[in-house]
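Chemist: Got a file for you: coords.tsv, TSV, C-alpha atoms.
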```tsv
chain	number	residue	atom	x	y	z
G	1	MET	CA	0.00	0.00	0.00
G	2	PHE	CA	2.99	2.25	0.31
G	3	LEU	CA	4.41	1.45	-3.09
G	4	PRO	CA	1.31	2.40	-5.17
G	5	ARG	CA	1.15	5.86	-3.60
G	6	ILE	CA	4.76	6.51	-4.44
G	7	GLN	CA	4.09	5.37	-7.97
G	8	GLN	CA	1.11	7.72	-8.26
G	9	GLN	CA	3.19	10.66	-7.10
G	10	ILE	CA	5.95	9.89	-9.53
G	11	LYS	CA	3.39	9.59	-12.29
G	12	SER	CA	1.87	12.96	-11.49
G	13	LEU	CA	5.32	14.48	-11.51
G	14	PHE	CA	6.11	13.34	-14.99
G	15	PHE	CA	2.79	13.15	-16.77
G	16	ILE	CA	0.12	15.75	-17.04
G	17	THR	CA	-3.19	14.11	-16.16
G	18	ARG	CA	-6.23	14.55	-18.29
G	19	PRO	CA	-8.25	17.09	-16.23
G	20	GLN	CA	-5.12	19.17	-15.86
G	21	LEU	CA	-4.63	19.12	-19.58
G	22	ARG	CA	-8.15	20.29	-20.25
G	23	ARG	CA	-7.79	23.19	-17.86
G	24	TYR	CA	-4.56	24.15	-19.52
G	25	ALA	CA	-6.11	24.08	-22.95
G	26	GLU	CA	-9.08	26.20	-21.86
G	27	ARG	CA	-6.82	28.83	-20.44
G	28	LYS	CA	-4.72	28.91	-23.56
G	29	SER	CA	-7.63	29.14	-26.02
G	30	GLY	CA	-9.10	31.95	-23.96
G	31	ALA	CA	-5.91	33.90	-24.25
G	32	LEU	CA	-5.80	33.19	-27.97
G	33	ALA	CA	-9.34	34.43	-28.43
G	34	THR	CA	-8.62	37.73	-26.71
G	35	ALA	CA	-5.42	38.11	-28.75
G	36	GLN	CA	-7.35	37.58	-31.96
G	37	GLU	CA	-9.88	40.17	-30.99
G	38	ARG	CA	-7.07	42.61	-30.40
G	39	THR	CA	-5.45	41.97	-33.79
G	40	ASN	CA	-8.83	42.37	-35.41
G	41	VAL	CA	-9.11	45.78	-33.90
G	42	SER	CA	-5.56	46.82	-34.71
G	43	THR	CA	-5.60	45.84	-38.42
G	44	ASP	CA	-8.51	48.11	-39.07
G	45	VAL	CA	-6.65	51.31	-38.30
G	46	LYS	CA	-4.36	51.76	-41.27
G	47	PRO	CA	-4.03	54.99	-43.16
G	48	ILE	CA	-6.21	54.91	-46.26
G	49	GLY	CA	-3.31	55.86	-48.53
G	50	GLU	CA	-1.29	52.87	-47.44
G	51	ARG	CA	-4.23	50.56	-48.00
G	52	ILE	CA	-4.73	51.89	-51.52
G	53	LYS	CA	-1.04	51.42	-52.19
G	54	GLU	CA	-1.11	47.86	-50.94
G	55	ASN	CA	-4.20	46.95	-52.93
G	56	THR	CA	-2.75	48.47	-56.08
G	57	LYS	CA	0.43	46.49	-55.59
G	58	THR	CA	-1.50	43.25	-55.09
G	59	GLY	CA	-3.60	44.03	-58.13
G	60	MET	CA	-0.56	44.70	-60.26
G	61	TYR	CA	1.15	41.49	-59.19
G	62	THR	CA	-2.03	39.55	-59.90
G	63	GLY	CA	-2.21	41.19	-63.31
G	64	VAL	CA	1.37	40.22	-64.12
G	65	ILE	CA	0.73	36.64	-63.03
G	66	ILE	CA	-2.48	36.42	-65.06
G	67	LEU	CA	-0.71	37.87	-68.09
G	68	GLY	CA	2.09	35.32	-67.80
G	69	VAL	CA	-0.30	32.43	-67.41
G	70	GLY	CA	-2.32	33.70	-70.36
G	71	VAL	CA	0.68	34.01	-72.67
G	72	THR	CA	1.97	30.56	-71.68
G	73	GLY	CA	-1.48	29.09	-72.18
G	74	ALA	CA	-1.78	30.68	-75.62
G	75	LEU	CA	1.61	29.27	-76.64
G	76	PHE	CA	0.74	25.78	-75.42
G	77	TYR	CA	-2.64	25.94	-77.13
G	78	THR	CA	-1.00	26.96	-80.41
G	79	ILE	CA	1.63	24.25	-80.37
G	80	LEU	CA	-0.75	21.50	-79.22
G	81	LYS	CA	-3.25	22.44	-81.90
G	82	GLU	CA	-0.50	22.54	-84.51
G	83	LEU	CA	0.76	19.13	-83.50
G	84	TRP	CA	-2.44	17.20	-82.94
G	85	SER	CA	-5.36	18.77	-84.75
G	86	SER	CA	-5.89	17.04	-88.09
G	87	ASN	CA	-6.78	20.38	-89.69
G	88	SER	CA	-3.54	22.10	-88.72
G	89	PRO	CA	-1.10	23.07	-91.49
G	90	ASN	CA	1.53	20.77	-90.03
G	91	ASN	CA	-0.66	17.70	-90.22
G	92	ILE	CA	-1.97	18.56	-93.67
G	93	TYR	CA	1.67	18.75	-94.73
G	94	SER	CA	2.40	15.38	-93.10
G	95	ALA	CA	-0.51	13.68	-94.80
G	96	ALA	CA	0.28	15.17	-98.21
G	97	LEU	CA	3.94	14.26	-97.85
G	98	ASP	CA	3.00	10.67	-97.01
G	99	ARG	CA	0.88	10.45	-100.13
G	100	CYS	CA	3.64	11.87	-102.32
G	101	VAL	CA	6.31	9.59	-100.89
G	102	ASN	CA	4.15	6.51	-101.42
G	103	ASP	CA	3.14	7.44	-104.97
G	104	THR	CA	4.89	5.19	-107.48
G	105	ARG	CA	5.02	7.81	-110.25
G	106	ILE	CA	6.79	10.25	-107.96
G	107	GLN	CA	9.12	7.51	-106.75
G	108	ASP	CA	9.96	6.76	-110.40
G	109	GLN	CA	10.72	10.36	-111.24
G	110	LEU	CA	12.61	11.37	-108.12
G	111	GLY	CA	14.39	8.24	-106.95
G	112	ALA	CA	13.26	6.20	-104.01
G	113	PRO	CA	14.21	7.64	-100.62
G	114	ILE	CA	12.19	10.85	-100.78
G	115	LYS	CA	12.34	13.52	-98.11
G	116	GLY	CA	10.16	16.54	-97.62
G	117	TYR	CA	10.78	20.03	-96.26
G	118	GLY	CA	9.33	23.51	-96.19
G	119	GLU	CA	10.73	26.97	-96.71
G	120	GLU	CA	14.27	27.47	-95.51
G	121	SER	CA	14.75	30.05	-92.80
G	122	ARG	CA	17.92	32.04	-92.24
G	123	ARG	CA	19.10	29.63	-89.57
G	124	GLY	CA	18.95	26.61	-91.81
G	125	ARG	CA	15.63	25.32	-90.54
G	126	ARG	CA	13.16	24.09	-93.12
G	127	GLN	CA	10.22	23.23	-90.88
G	128	ARG	CA	7.90	26.09	-91.81
G	129	VAL	CA	5.68	25.17	-94.70
G	130	ALA	CA	4.37	28.03	-96.83
G	131	HIS	CA	0.61	28.17	-96.65
G	132	THR	CA	-2.28	30.62	-96.72
G	133	ILE	CA	-5.74	30.19	-95.29
G	134	PHE	CA	-8.46	32.12	-97.05
G	135	GLU	CA	-12.15	32.06	-97.79
G	136	ARG	CA	-13.62	31.59	-101.22
G	137	ASN	CA	-17.39	31.96	-101.52
G	138	GLY	CA	-17.54	31.80	-97.73
G	139	VAL	CA	-15.85	28.40	-97.54
G	140	PRO	CA	-12.47	28.18	-95.75
G	141	HIS	CA	-9.68	27.04	-98.05
G	142	ILE	CA	-6.01	26.37	-97.47
G	143	GLN	CA	-3.29	26.56	-100.07
G	144	MET	CA	0.10	25.07	-99.40
G	145	GLN	CA	3.42	24.50	-101.08
G	146	PHE	CA	6.37	22.38	-100.01
G	147	TYR	CA	9.32	20.59	-101.53
G	148	ILE	CA	10.23	16.95	-101.95
G	149	GLN	CA	13.59	15.62	-102.96
G	150	GLY	CA	14.71	12.18	-104.06
G	151	ILE	CA	18.13	11.02	-105.12
G	152	ARG	CA	17.72	12.13	-108.76
G	153	ASN	CA	15.40	15.10	-108.86
G	154	LYS	CA	13.45	17.61	-106.83
G	155	ALA	CA	9.83	18.61	-107.03
G	156	THR	CA	7.53	21.25	-105.64
G	157	VAL	CA	4.21	20.06	-104.28
G	158	HIS	CA	1.20	22.37	-104.51
G	159	LEU	CA	-2.05	21.61	-102.83
G	160	GLU	CA	-5.33	23.26	-102.03
G	161	MET	CA	-7.92	21.98	-99.63
G	162	LYS	CA	-11.38	23.15	-98.77
G	163	HIS	CA	-13.76	22.53	-95.92
G	164	ASN	CA	-16.43	19.98	-96.71
G	165	SER	CA	-19.88	19.99	-95.16
G	166	SER	CA	-18.66	18.35	-91.92
G	167	GLY	CA	-15.92	20.93	-91.40
G	168	GLU	CA	-13.00	18.71	-92.37
G	169	TYR	CA	-10.49	19.68	-95.01
G	170	GLU	CA	-10.51	17.66	-98.22
G	171	TYR	CA	-8.31	17.99	-101.28
G	172	ARG	CA	-9.29	20.31	-104.06
G	173	TYR	CA	-6.09	19.47	-105.86
G	174	LEU	CA	-2.72	17.97	-105.03
G	175	PHE	CA	0.08	17.79	-107.57
G	176	ALA	CA	3.85	17.70	-107.74
G	177	LYS	CA	5.83	19.54	-110.38
G	178	LEU	CA	9.40	18.47	-111.09
G	179	ASP	CA	11.97	21.25	-110.62
G	180	HIS	CA	14.39	20.01	-113.28
G	181	TYR	CA	14.44	18.77	-116.81
G	182	PRO	CA	11.26	16.97	-117.77
G	183	ARG	CA	9.25	19.37	-115.56
G	184	THR	CA	6.37	16.94	-115.60
G	185	THR	CA	3.32	17.59	-113.48
G	186	ILE	CA	2.18	14.57	-111.51
G	187	ILE	CA	-1.42	15.00	-110.45
G	188	LEU	CA	-2.36	13.00	-107.38
G	189	GLU	CA	-5.75	14.47	-106.80
G	190	ASP	CA	-7.94	16.88	-108.72
G	191	ASN	CA	-11.47	17.41	-107.44
G	192	ARG	CA	-12.06	20.75	-109.06
G	193	ALA	CA	-14.79	19.30	-111.24
G	194	ASN	CA	-17.01	19.01	-108.15
G	195	ASP	CA	-16.74	22.60	-107.09
G	196	THR	CA	-16.96	24.06	-110.60
G	197	ALA	CA	-20.30	22.26	-110.90
G	198	ALA	CA	-21.38	23.82	-107.63
G	199	THR	CA	-20.22	27.31	-108.57
G	200	SER	CA	-21.68	27.10	-112.08
G	201	SER	CA	-25.03	26.09	-110.64
G	202	GLN	CA	-24.70	29.07	-108.31
G	203	ASN	CA	-23.93	31.24	-111.30
G	204	ASN	CA	-26.96	29.89	-113.13
G	205	GLU	CA	-29.15	30.69	-110.16
G	206	ALA	CA	-27.67	34.16	-110.02
G	207	ALA	CA	-28.29	34.58	-113.76
G	208	SER	CA	-31.88	33.38	-113.50
G	209	PHE	CA	-32.73	35.91	-110.79
I	210	MET	CA	19.51	29.46	-106.97
I	211	GLU	CA	22.73	27.91	-105.77
I	212	GLU	CA	22.16	28.58	-102.08
I	213	TYR	CA	18.88	26.71	-102.27
I	214	ALA	CA	20.67	23.74	-103.72
I	215	ARG	CA	22.93	23.36	-100.71
I	216	GLU	CA	21.71	21.13	-97.95
I	217	PRO	CA	21.69	23.03	-94.66
I	218	CYS	CA	22.10	20.05	-92.48
I	219	PRO	CA	25.62	19.02	-91.60
I	220	TYR	CA	26.92	22.61	-91.77
I	221	ARG	CA	24.12	23.85	-89.58
I	222	ILE	CA	25.67	22.13	-86.55
I	223	VAL	CA	28.73	24.39	-86.67
I	224	ASP	CA	26.49	27.41	-87.26
I	225	ASP	CA	24.32	26.62	-84.27
I	226	CYS	CA	27.27	25.84	-82.04
I	227	GLY	CA	28.90	29.19	-82.83
I	228	GLY	CA	25.63	31.08	-82.57
I	229	ALA	CA	24.95	29.58	-79.16
I	230	PHE	CA	28.50	30.41	-78.04
I	231	ALA	CA	28.06	34.05	-79.07
I	232	MET	CA	24.69	34.23	-77.41
I	233	GLY	CA	26.04	32.74	-74.17
I	234	CYS	CA	29.04	35.07	-74.29
I	235	ILE	CA	26.92	38.21	-74.65
I	236	GLY	CA	24.06	37.18	-72.40
I	237	GLY	CA	26.35	35.69	-69.76
I	238	GLY	CA	28.56	38.79	-69.98
I	239	VAL	CA	25.64	41.12	-69.24
I	240	PHE	CA	24.38	38.88	-66.44
I	241	GLN	CA	27.79	38.50	-64.82
I	242	ALA	CA	28.52	42.22	-65.15
I	243	ILE	CA	25.44	43.02	-63.10
I	244	LYS	CA	26.17	40.26	-60.61
I	245	GLY	CA	29.80	41.26	-60.18
I	246	TYR	CA	28.84	44.91	-59.79
I	247	ARG	CA	26.42	44.07	-57.01
I	248	ASN	CA	28.74	41.71	-55.16
I	249	ALA	CA	31.84	43.89	-55.25
I	250	PRO	CA	32.91	46.12	-52.31
I	251	SER	CA	31.69	49.72	-52.43
I	252	GLY	CA	33.39	52.35	-54.55
I	253	ILE	CA	32.74	52.79	-58.23
I	254	SER	CA	36.18	51.69	-59.45
I	255	ARG	CA	36.08	48.58	-57.26
I	256	ARG	CA	32.63	47.77	-58.50
I	257	LEU	CA	33.64	48.10	-62.14
I	258	LEU	CA	36.71	45.98	-61.47
I	259	GLY	CA	34.52	43.39	-59.75
I	260	SER	CA	32.15	43.20	-62.66
I	261	LEU	CA	35.05	42.91	-65.10
I	262	THR	CA	36.54	40.05	-63.07
I	263	ALA	CA	33.19	38.29	-62.94
I	264	ILE	CA	32.79	38.61	-66.72
I	265	LYS	CA	36.28	37.26	-67.32
I	266	GLN	CA	35.80	34.35	-64.95
I	267	ARG	CA	32.26	33.23	-65.61
I	268	SER	CA	30.98	34.26	-69.02
I	269	PRO	CA	33.26	31.92	-71.05
I	270	ILE	CA	31.95	29.05	-68.95
I	271	ILE	CA	28.34	30.03	-69.63
I	272	ALA	CA	29.14	30.48	-73.32
I	273	GLY	CA	30.73	27.04	-73.40
I	274	ASN	CA	27.68	25.47	-71.82
I	275	PHE	CA	25.46	27.19	-74.35
I	276	ALA	CA	27.69	26.03	-77.20
I	277	VAL	CA	27.56	22.43	-76.01
I	278	TRP	CA	23.77	22.64	-75.79
I	279	GLY	CA	23.44	24.18	-79.24
I	280	GLY	CA	25.83	21.78	-80.89
I	281	MET	CA	24.22	18.73	-79.33
I	282	PHE	CA	20.74	20.00	-80.21
I	283	SER	CA	21.63	20.62	-83.81
I	284	THR	CA	23.40	17.28	-84.16
I	285	ILE	CA	20.37	15.39	-82.92
I	286	ASP	CA	18.11	17.54	-85.09
I	287	CYS	CA	20.11	16.71	-88.21
I	288	THR	CA	20.15	13.03	-87.28
I	289	LEU	CA	16.38	13.07	-86.98
I	290	VAL	CA	16.03	14.89	-90.29
I	291	HIS	CA	18.16	12.22	-91.90
I	292	PHE	CA	16.24	9.29	-90.49
I	293	ARG	CA	12.70	10.64	-90.56
I	294	LYS	CA	13.09	12.17	-94.05
I	295	LYS	CA	10.88	15.01	-92.98
I	296	GLU	CA	11.29	18.38	-91.34
I	297	ASP	CA	8.62	19.48	-88.89
I	298	PRO	CA	8.30	20.83	-85.33
I	299	TRP	CA	8.59	17.33	-83.87
I	300	ASN	CA	12.27	17.27	-84.78
I	301	SER	CA	12.97	20.30	-82.62
I	302	ILE	CA	10.93	19.08	-79.69
I	303	ILE	CA	12.41	15.59	-79.70
I	304	SER	CA	15.96	16.84	-80.05
I	305	GLY	CA	15.43	19.40	-77.27
I	306	ALA	CA	14.26	16.66	-74.93
I	307	ALA	CA	17.08	14.32	-75.99
I	308	THR	CA	19.70	17.05	-75.51
I	309	GLY	CA	18.42	17.85	-72.04
I	310	GLY	CA	18.49	14.17	-71.16
I	311	ILE	CA	21.93	13.43	-72.56
I	312	LEU	CA	23.62	16.45	-71.00
I	313	ALA	CA	22.25	15.46	-67.58
I	314	ALA	CA	23.39	11.85	-68.03
I	315	ARG	CA	25.95	12.03	-65.23
I	316	ASN	CA	23.35	13.01	-62.62
I	317	GLY	CA	21.29	9.82	-62.70
I	318	VAL	CA	18.08	8.75	-64.36
I	319	PRO	CA	15.62	10.99	-62.43
I	320	ALA	CA	17.67	14.09	-63.24
I	321	MET	CA	17.84	12.99	-66.86
I	322	ALA	CA	14.08	12.62	-67.04
I	323	GLY	CA	13.57	16.05	-65.47
I	324	SER	CA	15.99	17.77	-67.82
I	325	ALA	CA	14.52	15.96	-70.80
I	326	ILE	CA	11.02	17.16	-69.94
I	327	ILE	CA	12.25	20.71	-69.37
I	328	GLY	CA	14.14	20.67	-72.66
I	329	GLY	CA	11.17	19.32	-74.60
I	330	VAL	CA	8.71	21.81	-73.11
I	331	LEU	CA	11.11	24.70	-73.69
I	332	LEU	CA	11.61	23.80	-77.34
I	333	ALA	CA	7.86	23.30	-77.75
I	334	LEU	CA	7.33	26.81	-76.39
I	335	ILE	CA	9.93	28.21	-78.78
I	336	GLU	CA	8.22	26.44	-81.67
I	337	GLY	CA	4.91	27.88	-80.48
I	338	VAL	CA	6.40	31.37	-80.52
I	339	GLY	CA	7.67	30.76	-84.05
I	340	ILE	CA	4.30	29.53	-85.27
I	341	LEU	CA	2.49	32.45	-83.65
I	342	PHE	CA	4.88	34.95	-85.22
I	343	THR	CA	4.56	33.48	-88.68
I	344	ARG	CA	0.80	33.50	-88.34
I	345	LEU	CA	0.76	37.12	-87.22
I	346	SER	CA	3.07	38.23	-90.02
I	347	ALA	CA	1.01	36.22	-92.52
I	348	ASP	CA	-2.10	38.02	-91.32
I	349	GLN	CA	-0.34	41.32	-91.81
I	350	PHE	CA	0.75	40.65	-95.38
I	351	ARG	CA	-2.34	38.76	-96.42
I	352	ASN	CA	-3.76	39.28	-99.86
I	353	PRO	CA	-7.08	41.06	-99.52
I	354	SER	CA	-8.70	38.88	-102.18
I	355	PRO	CA	-8.35	35.11	-102.38
I	356	PRO	CA	-6.38	33.61	-105.28
I	357	THR	CA	-8.90	33.06	-108.04
I	358	GLU	CA	-6.61	31.53	-110.62
I	359	ASP	CA	-5.67	27.89	-110.35
I	360	PRO	CA	-2.04	27.02	-111.13
I	361	GLN	CA	-1.15	27.01	-114.83
I	362	SER	CA	0.33	23.52	-114.76
I	363	LEU	CA	-3.02	22.01	-113.83
I	364	MET	CA	-4.92	23.41	-116.81
```
Would it be possible to restate this file's structure as structure tokens?
Modeler:
Amino acid sequence: MFLPRIQQQIKSLFFITRPQLRRYAERKSGALATAQERTNVSTDVKPIGERIKENTKTGMYTGVIILGVGVTGALFYTILKELWSSNSPNNIYSAALDRCVNDTRIQDQLGAPIKGYGEESRRGRRQRVAHTIFERNGVPHIQMQFYIQGIRNKATVHLEMKHNSSGEYEYRYLFAKLDHYPRTTIILEDNRANDTAATSSQNNEAASF
Amino acid sequence: MEEYAREPCPYRIVDDCGGAFAMGCIGGGVFQAIKGYRNAPSGISRRLLGSLTAIKQRSPIIAGNFAVWGGMFSTIDCTLVHFRKKEDPWNSIISGAATGGILAARNGVPAMAGSAIIGGVLLALIEGVGILFTRLSADQFRNPSPPTEDPQSLM
């Protein structure tokens, strides 16, 4: 009966018992609450000029951040669209180049391993392909020109595409013209008959009115 | 017509290497001048001397790093052009990522992956800037009326 009491005392020396702890916490939170009230009071009294200055600063920083995010977003949007949208100039170029490379007539004329490139920039890059996007009779068109080269000869590829009814580009024409001696034109696709029919019917309607 | 006939590719590596060296030299020189000026003890002559010392010590190193990056980038780019038989923005992006990865090869695989991603994203951004600029300039010089004539060789 002596030993347990000693143990209890030792315990109370080293450990804070539960009721003690609660009391402690209550006291502390009370102090915190009063402190918060005080800070609430003290933040309110700032000279109006300083507050305007601070808000302007915050606004300007926010503006700079938003501008940066916007510019970065625009750049990413551009490059992602260029790389993955099937209607982007880059992918039209890829598809047309594939067709030219796999065409047996072109392979005959140029010599088998055929490579393709666009306009050469000053720094020796040839990744930009010359193209224009325009509207004819309210329908978006794209015109493009790039170069292919085999082991014997070079050729310039011209193509024009127009939006069809579902908003996808389809070929109006696609042909390659040799740059050197025979200067043959190899026509891979020529759908101009379709649209001349459409425009002539339009013309007829216009004439009849 | 002769300059069109020449292939840009193998020579472009030297071009890019030198261009990157010059860029690193100038840019690093400006950066180190400011840094040396700020870190030097007070007094205008001491500060100028400090910035000169910093330029002499550090900017060749920066220029060398740039040159290594540019040369490696261009080499990989030309390799890709040779094997893919096609020139498009993917070449730049892939070679940027590969350059970042290869130049961080001594720091372990995670560092390589990080540098590769940074390199790829950076080059993608640069390509995006290029595309945007060409589009803007094309808009500026656009023909007001669409081409009505089809090419003569199709007739």
Chemist: So, with all atoms listed in the file as the atoms that count, which of I:Ile253, I:Ala313, I:Ala320, I:Val290 lies closest to chain G?
Modeler: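 Looking only at the distances to chain G, the closest residue turns out to be I:Val290.
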Chemist: Please tabulate, as a Markdown table, the residues of segment 237-323 of chain I that come within 12 Å of segment 120-138 of chain G, each with its closest pair of atoms and the distance in Å to one decimal, counting only C-alpha atoms and ordering rows by chain, then residue number upward.
Modeler:
```
| residue | atom | partner | partner_atom | distance |
| --- | --- | --- | --- | --- |
| I:Ser283 | CA | G:Arg125 | CA | 10.2 |
| I:Asp286 | CA | G:Arg125 | CA | 9.8 |
| I:Cys287 | CA | G:Arg125 | CA | 10.0 |
| I:Val290 | CA | G:Arg126 | CA | 10.0 |
| I:Lys294 | CA | G:Gln127 | CA | 11.9 |
| I:Lys295 | CA | G:Gln127 | CA | 8.5 |
| I:Glu296 | CA | G:Gln127 | CA | 5.0 |
| I:Asp297 | CA | G:Gln127 | CA | 4.5 |
| I:Pro298 | CA | G:Gln127 | CA | 6.3 |
| I:Trp299 | CA | G:Gln127 | CA | 9.3 |
| I:Asn300 | CA | G:Gln127 | CA | 8.8 |
| I:Ser301 | CA | G:Gln127 | CA | 9.2 |
| I:Ile302 | CA | G:Gln127 | CA | 12.0 |
```
Chemist: Using all atoms listed in the file, determine which residues of chain I fall within 8 Å of chain G; present them as a list in words.
Modeler: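 For chain I, the answer reads Pro217, Cys218, Arg221, Lys294, Lys295, Glu296, Asp297, Pro298, Ala333, Leu334, Glu336, Gly337, Val338, Ile340, Leu341, Ala347, Pro355, Ser362 and Leu363 of chain I.
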Chemist: Could you state the separation of atom CA of Ala306 of chain I and atom CA of Ile327 of chain I in Å, given to one decimal place?
Modeler: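 Between atom CA of Ala306 of chain I and atom CA of Ile327 of chain I the gap works out to 7.2 Å.
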Chemist: Separation of atom CA of Leu110 of chain G and atom CA of Asp359 of chain I, in Å?
Modeler: 24.7 Å
Chemist: Mind giving me the straight-line distance from atom CA of Trp278 of chain I to atom CA of Arg344 of chain I in Å, one decimal?
Modeler: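 Computing it gives 28.3 Å between the two atoms.
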Chemist: Tell me which protein, DNA and RNA residues are within 12 Å of Gly323 of chain I, counting all atoms listed in the file, leaving out same-chain ones fewer than 5 positions away, and put them as a list in words.
Modeler: Ala306, Ala307, Thr308, Gly309, Gly310, Ile311, Leu312, Ala313, Ala314, Asn316, Gly317, Val318, Gly328, Gly329 and Val330 of chain I
Chemist: So which one's closest to Thr288 of chain I, I:Ser260, I:Ser304, I:Asn274, I:Thr343? Using only C-alpha atoms, please.
Modeler: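 Nearest to Thr288 of chain I: I:Ser304.
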